[in-house]
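Undergrad: Got a structure here, written out as structure tokens. Questions coming.
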Amino acid sequence: MKAWLMSRQPHERIALLAGASILGVLLFYLAVWRPLDTAVDRKRQHVAEQRNTLHWMKKAAAEVQSYKSLNDGVNRNASNTALLSIVDQTARSHKLRNHIKRLKPQGDDKVQLWLEQAAFDNIMQWLGNMSETQHVIVESLSIDRQAQSGVVNARITLGRPTS
């Protein structure tokens with residue numbers, strides 16, 4: 001190879017060496033530098049996403065703690081508290097009270113209510129919370145989505161399990 005290169009004219013040798021150098025730099029960039037740079041960018045993006053998730057989880061944990069402390073006092077007297085009162089208190093704490101358009105008691109242990117333009121996530125969290133902490137069951141649930149994303153109208157019948 002060296003003999004072949006030395007048999008070339010000086011200006012050809014310079015051109016061949018320059019071309020080989022450029023090709024070497026290009027191969028280094030394509031085979032080593034660019035994949036590493038892309039991997040580092042992906043890792044940075046992943047770390048940012050994980051930080052956002054951690055921030056959300058901390059915020060959600062604080063919210064859960066506030067709901068738990070809010071419901072501790074309610075839970076002690078859950079069996080003696082009227083279902084209508086429980087629905088009102090818990091709907092207020094889940095930012096749903098203003099969305100209740102109609103509330104119809106059906107005896108001491110059933111309530112039917114209509115929610116309009118309420119956040120779906122808030123409704124589901126509210127129902128789950130009442131089920132876990134107040135021993136309220138969802139007897140029927142009808143949900144109609146609305147034009148705005150995440151917003152629904154709902155008709156719900158809640159009750160207490162019979163002993």
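Numbering starts fresh at 1 for the residues of each chain in the structure tokens, the chains themselves are lettered A, B, ... in the order given, and ligands are numbered from 1 as they appear.
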Need the shell around A:Pro161: protein/DNA/RNA residues with any atom at most 9 Å away, counting only C-alpha atoms. Skip same-chain ones fewer than 2 positions apart. Format as a list of chain:residue names?

TA: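 Near neighbours after the sequence-gap exclusion: A:Asp109, A:His135, A:Val136, A:Ile137, A:Gly159, A:Ser163.
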
Undergrad: Residues within 10 Å of A:Leu158, please, as a ChimeraX atom specification. Count only C-alpha atoms; anything in the same chain fewer than 6 positions from it doesn't count.

TA: /A:83-84,87,105-106,109-113,127,130-131,136-141

Undergrad: If you measure from atom CA of A:Ala48 to atom CA of A:Glu63, what distance in Å do you get, rounded to one decimal?

TA: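 Distance between the two atoms: 22.6 Å.
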
Undergrad: Skip A:Leu115 itself and residues of its chain fewer than 6 positions away, then list as an NGL selection string all residues within 7 Å of it, counting only C-alpha atoms.

TA: :A and (99-101 or 153-155)

Undergrad: Those residues you just picked out, can you put them in a file as a PDB file, in the first residue's frame with C-alpha atoms?

TA:
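As written to disk, again_7.pdb reads:
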ATOM      1  CA  HIS A  99     -71.479  20.392  38.898  1.00  0.00           C
ATOM      2  CA  ILE A 100     -74.305  18.615  40.739  1.00  0.00           C
ATOM      3  CA  LYS A 101     -77.440  19.832  39.009  1.00  0.00           C
ATOM      4  CA  ASN A 153     -72.328  14.538  32.116  1.00  0.00           C
ATOM      5  CA  ALA A 154     -73.137  11.712  34.534  1.00  0.00           C
ATOM      6  CA  ARG A 155     -76.165  10.179  36.209  1.00  0.00           C
TER       7      ARG A 155
END

Undergrad: Residues of stretch 31-160 of chain A classed as alpha helix (DSSP H) by DSSP on the backbone are to be reported as a ChimeraX atom specification.

TA: /A:34-76,83-93,120-129

Undergrad: I'd like the interatomic distance between atom CA of A:Lys68 and atom CA of A:Gly107, to a tenth of an Å.

TA: 28.2 Å

Undergrad: Suppose you want the space between atom CA of A:Leu26 and atom CA of A:Asp41; what is it in Å?

TA: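 Atom-to-atom, atom CA of A:Leu26 to atom CA of A:Asp41, that is 20.6 Å.
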
Undergrad: Which is closer to A:Ala91 than all the others in A:Trp114, A:Ala62, A:Ala31, A:Ile123, using only C-alpha atoms?

TA: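 Result for the nearest residue to A:Ala91: A:Ile123.
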
Undergrad: Counting only C-alpha atoms, what is within 8 Å of A:Asn122, bar same-chain residues fewer than 3 positions away, as a ChimeraX atom specification?

TA: /A:94-96,118-119,125-126

Undergrad: Have a look at A:Ser69, A:Ile22, A:Asp121, A:Arg102 and name the one nearest to A:Ser149; count only C-alpha atoms.

TA: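 Of A:Ser69, A:Ile22, A:Asp121, A:Arg102, the one nearest A:Ser149, counting only C-alpha atoms, is A:Asp121.
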